[in-house]
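Have a look at the structure below, then the notes.
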Number of protein chains: 2
Amino acid sequence: MQKKFTVNPWEVTGEVDYGKLIKEFGVQPLSKELIEKIEKKAGGTHLYLRRGLFFSHRDFDVIMDEYEKGKEFVLYTGRGPSGRTHLGHLIPWIFTAYLQKAFGCKLYFQMTDDEKFLMRDVGLEEAVGYSYDNALDVIAAGMEPGKTVIFSDVEYIKTIYRIALDVAKRVTFSTAKAVFGFTNSSNIGIIFFPAVQASPAFMAQMLEKRNVNCLIPCAIDQDPYWRIARDVAPALGMPKPAGIYSKFLPGLQGVGGKMSASKEDTAIYTTDSAPVARKKVMAAFTGGRATVAEQKEKGGNPEVCVVHQWLYYMFEENDEKLRNSFDDCKAGRILCGECKKYLADKVCRFLEEHQKKRENAKKEIDRFMVKD
Amino acid sequence: MQKKFTVNPWEVTGEVDYGKLIKEFGVQPLSKELIEKIEKKAGGTHLYLRRGLFFSHRDFDVIMDEYEKGKEFVLYTGRGPSGRTHLGHLIPWIFTAYLQKAFGCKLYFQMTDDEKFLMRDVGLEEAVGYSYDNALDVIAAGMEPGKTVIFSDVEYIKTIYRIALDVAKRVTFSTAKAVFGFTNSSNIGIIFFPAVQASPAFMAQMLEKRNVNCLIPCAIDQDPYWRIARDVAPALGMPKPAGIYSKFLPGLQGVGGKMSASKEDTAIYTTDSAPVARKKVMAAFTGGRATVAEQKEKGGNPEVCVVHQWLYYMFEENDEKLRNSFDDCKAGRILCGECKKYLADKVCRFLEEHQKKRENAKKEIDRFMVKD
């Protein structure tokens, strides 16, 4: 059965066919060989790798080849800061921290508060405030101080602007329109923004004169953004940034689409209290049967179950336990309430741990944030 | 006889019909009453006013009314910095200095090095360098230290960006396209630039929280630029900036169009040596007759004579001398060589004086330039 789905930087809806997405975006599946290279360097695997949450890439093979010949790479990722960070946002950050440790990379982390201001009904100083707030979650995800610079676009624009002008001079409205779907009613700030967003891909080379590659870990929907950076890189004498891409952690209300910060019940926020998080998990969509009797008789449907997917991608490291819970569900041996409680416990433990690190990050933030 | 002419911020060609321009741009002629108000406040007139070089305005009457009721105004003007400043560029600056003295205004002076980089084949650091170089001419034009801030867009962008985002959020591509003639092949930097250029009109209010009006003295071709600032002002809770506009000093090669920094012989640069300046003036277009005999018999044509226009607008303060030279020319009593020599002497004296002030400005520049 084929369902309609939409994936672009502004929108992910429908049940995503990742195989189709790989073809449409022209990216590559993450091969076993590449995964092993990462794992070897990291001295161990990562759940997101072995469960295929990170599943595709663009030119990562190229920069790995060059890495093996001695050319280092830096990491770049970012966030459109808003009031609340949710677990879906954390995934690329946690994975970025894993890559940073494995390869000893410098990380550039961009807070696109300018974009948020330009696209949403949010005040400018409010958006800048979110940059500093959300940076706590970035730091809590495990970034290394001394090797990580986090910046608000608005607060670091003097540094960014020179690079962004270099990019912007080489990007026509046509190109930006094709990539971002701008129209005549788009505001002139957001039309310039792709140049601001491309800039950190060139910071190591331009600001530090380092001859390095750049790898962007992010969710697959962000890939089109980097076309601008890739298009202009040769003219700037820079290598094209590579990408390593994740699927979306589904929202609690159903598989398909991604978690949305604007739909409160579909997401667990990093600052949710344990009771709030538990309540949300207990209300998750599972695809369970209408009655206990029916569930016991026919078994559940873990393929469409959000709880199963959350366990699979993020919360159940133990393969055997995961397999057992899948089989038990299919066979009608467990009920949804049990699985939800099991996940809720894990989510609450994760949040407790994250919130400790987040609190600690308040003391560390000056070691990470840069501004002009 | 009607000739074709083009006036927009990028181009001024043909013989300009200023009366028609006033209608097309929807600006007002500068009334005798307004001129007298300025002269009274200044304690004297200015050649540019009494000869009608400054000839039109937009809302200057409004801000004068409010000024008389106690609401101050600031001045804003600017320059697309390039290697060389010519006499045509100096006109609005000299007049701005006159207004600054008369009304005690703070002046914001923008060096649009970002625009130059985006539109021309010039390097970014080169363009920034021109900002500092050209600032010497601005200072030499008579701006008051302590009341004047001159800034390079690139070097002051952190301050500008917050205001520019506020502007940009309210300007659609449609509007920018209508004002600046952008196309699909315009680069995304220059599409954003109108927001950067509008920003200084709001600096006094936004950065210093002063409840003031803003007046922009400039050549008439710059008027369309300010439509963006005027359009968004109400939404920002700011007064619409007013403008006071000059005609163009014609190029040495003929009346019509304006002096062009890219056509070397049409312009006297502020850094030209006396011999170079003299040579250019001596080669000016005068509309004189083909032979001395013919000139003596039929008289010259001062209406189309560049030398006469330069004397009229910029170099001959003495009305009687000017009238005499006009009459003598018409009657064939003087030859072009005499007028050219007369003007060349005046130009060289002006340059000598200006270059002294320009040299002195090198010691003063830190009192004028601001950066982030």
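Naming works like this for the structure tokens: A, B, ... for the chains as they're shown, residue 1 at the start of each chain, ligands 1 onward in shown order.
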
Should the cut-off be 12 Å, what would the residue list for chain B against chain A look like, counting only C-alpha atoms, as a PyMOL selection string? chain B and resi 113-125+127-128+152-178+182-196+228+371-372

Step one, run DSSP on the backbone; step two, keep only residues of region 173-353 of chain A assigned to helix (DSSP H, G or I); then write them as JSON, numbers by chain. {"A": [173, 174, 175, 176, 177, 178, 179, 180, 188, 189, 190, 191, 192, 193, 194, 195, 196, 197, 198, 199, 200, 201, 202, 203, 204, 205, 206, 207, 208, 220, 221, 222, 225, 226, 227, 228, 229, 230, 231, 232, 233, 234, 235, 236, 264, 265, 266, 274, 275, 276, 277, 278, 279, 280, 281, 282, 292, 293, 294, 295, 296, 297, 298, 302, 303, 304, 306, 307, 308, 309, 310, 311, 312, 313, 314, 315, 319, 320, 321, 322, 323, 324, 325, 326, 327, 328, 329, 330, 336, 337, 338, 339, 340, 341, 342, 343, 344, 345, 346, 347, 348, 349, 350, 351, 352, 353]}

Neighbouring residues of Ile268 (chain B) were defined as those with any atom within 8 Å, considering only C-alpha atoms; residues of the same chain fewer than 6 positions away were excluded. Please report them as a ChimeraX atom specification. /B:86-87,277,280

With DSSP run on the backbone, what are the strand (DSSP E or B) residues within region 54-296 of chain A? I'd like them as a ChimeraX atom specification. /A:54-58,73-79,86,107-111,148-152,172,187,213-219,242-246,251,254,269

Residue selection dump (C-alpha atoms) as a PDB file, in the first residue's frame:
ATOM      1  CA  PHE A  54      20.718   7.016  10.610  1.00  0.00           C
ATOM      2  CA  PHE A  55      20.205   5.403   7.253  1.00  0.00           C
ATOM      3  CA  SER A  56      21.542   7.529   4.407  1.00  0.00           C
ATOM      4  CA  HIS A  57      24.217   9.984   3.434  1.00  0.00           C
ATOM      5  CA  ARG A  58      25.575  12.253   0.762  1.00  0.00           C
ATOM      6  CA  PHE A  73      36.579  16.879   8.785  1.00  0.00           C
ATOM      7  CA  VAL A  74      34.497  19.159  10.966  1.00  0.00           C
ATOM      8  CA  LEU A  75      30.865  18.684  11.926  1.00  0.00           C
ATOM      9  CA  TYR A  76      28.093  21.190  11.405  1.00  0.00           C
ATOM     10  CA  THR A  77      24.522  20.982  12.527  1.00  0.00           C
ATOM     11  CA  GLY A  78      21.937  23.354  13.894  1.00  0.00           C
ATOM     12  CA  ARG A  79      18.566  24.158  15.306  1.00  0.00           C
ATOM     13  CA  HIS A  86      11.832  17.600  22.109  1.00  0.00           C
ATOM     14  CA  LEU A 107      31.605  21.059  15.771  1.00  0.00           C
ATOM     15  CA  TYR A 108      29.879  24.225  14.546  1.00  0.00           C
ATOM     16  CA  PHE A 109      26.346  24.457  15.891  1.00  0.00           C
ATOM     17  CA  GLN A 110      24.091  27.139  14.410  1.00  0.00           C
ATOM     18  CA  MET A 111      21.008  28.498  16.176  1.00  0.00           C
ATOM     19  CA  THR A 148      32.259  22.893  20.011  1.00  0.00           C
ATOM     20  CA  VAL A 149      31.118  26.366  19.096  1.00  0.00           C
ATOM     21  CA  ILE A 150      27.425  27.119  19.399  1.00  0.00           C
ATOM     22  CA  PHE A 151      26.176  30.453  18.130  1.00  0.00           C
ATOM     23  CA  SER A 152      23.025  32.456  17.627  1.00  0.00           C
ATOM     24  CA  THR A 172      20.313  33.464  -7.661  1.00  0.00           C
ATOM     25  CA  ASN A 187       9.914  38.118   2.734  1.00  0.00           C
ATOM     26  CA  ASN A 213      35.914  18.599   4.931  1.00  0.00           C
ATOM     27  CA  CYS A 214      32.565  19.240   6.546  1.00  0.00           C
ATOM     28  CA  LEU A 215      29.960  16.649   7.548  1.00  0.00           C
ATOM     29  CA  ILE A 216      26.399  17.596   8.439  1.00  0.00           C
ATOM     30  CA  PRO A 217      24.488  15.118  10.626  1.00  0.00           C
ATOM     31  CA  CYS A 218      20.766  15.894  10.552  1.00  0.00           C
ATOM     32  CA  ALA A 219      17.337  14.547   9.747  1.00  0.00           C
ATOM     33  CA  ALA A 242      28.697  15.962   3.069  1.00  0.00           C
ATOM     34  CA  GLY A 243      25.649  14.809   5.018  1.00  0.00           C
ATOM     35  CA  ILE A 244      24.632  11.874   7.172  1.00  0.00           C
ATOM     36  CA  TYR A 245      20.892  11.606   7.587  1.00  0.00           C
ATOM     37  CA  SER A 246      18.391  10.177  10.037  1.00  0.00           C
ATOM     38  CA  GLY A 251       5.137  11.527  16.984  1.00  0.00           C
ATOM     39  CA  GLY A 254       0.949   7.880  15.202  1.00  0.00           C
ATOM     40  CA  TYR A 269       9.958  17.840  25.592  1.00  0.00           C
TER      41      TYR A 269
END

Just want the 7 Å neighbourhood of Lys71 (chain B), counted on only C-alpha atoms, with same-chain residues fewer than 3 positions away dropped. Output as a ChimeraX atom specification. /B:66-67,212

Min atom-atom distance to Ala274 (chain A) from the set A:Glu144, A:Gly52, A:Phe350, A:Tyr132, counting only C-alpha atoms, belongs to A:Phe350
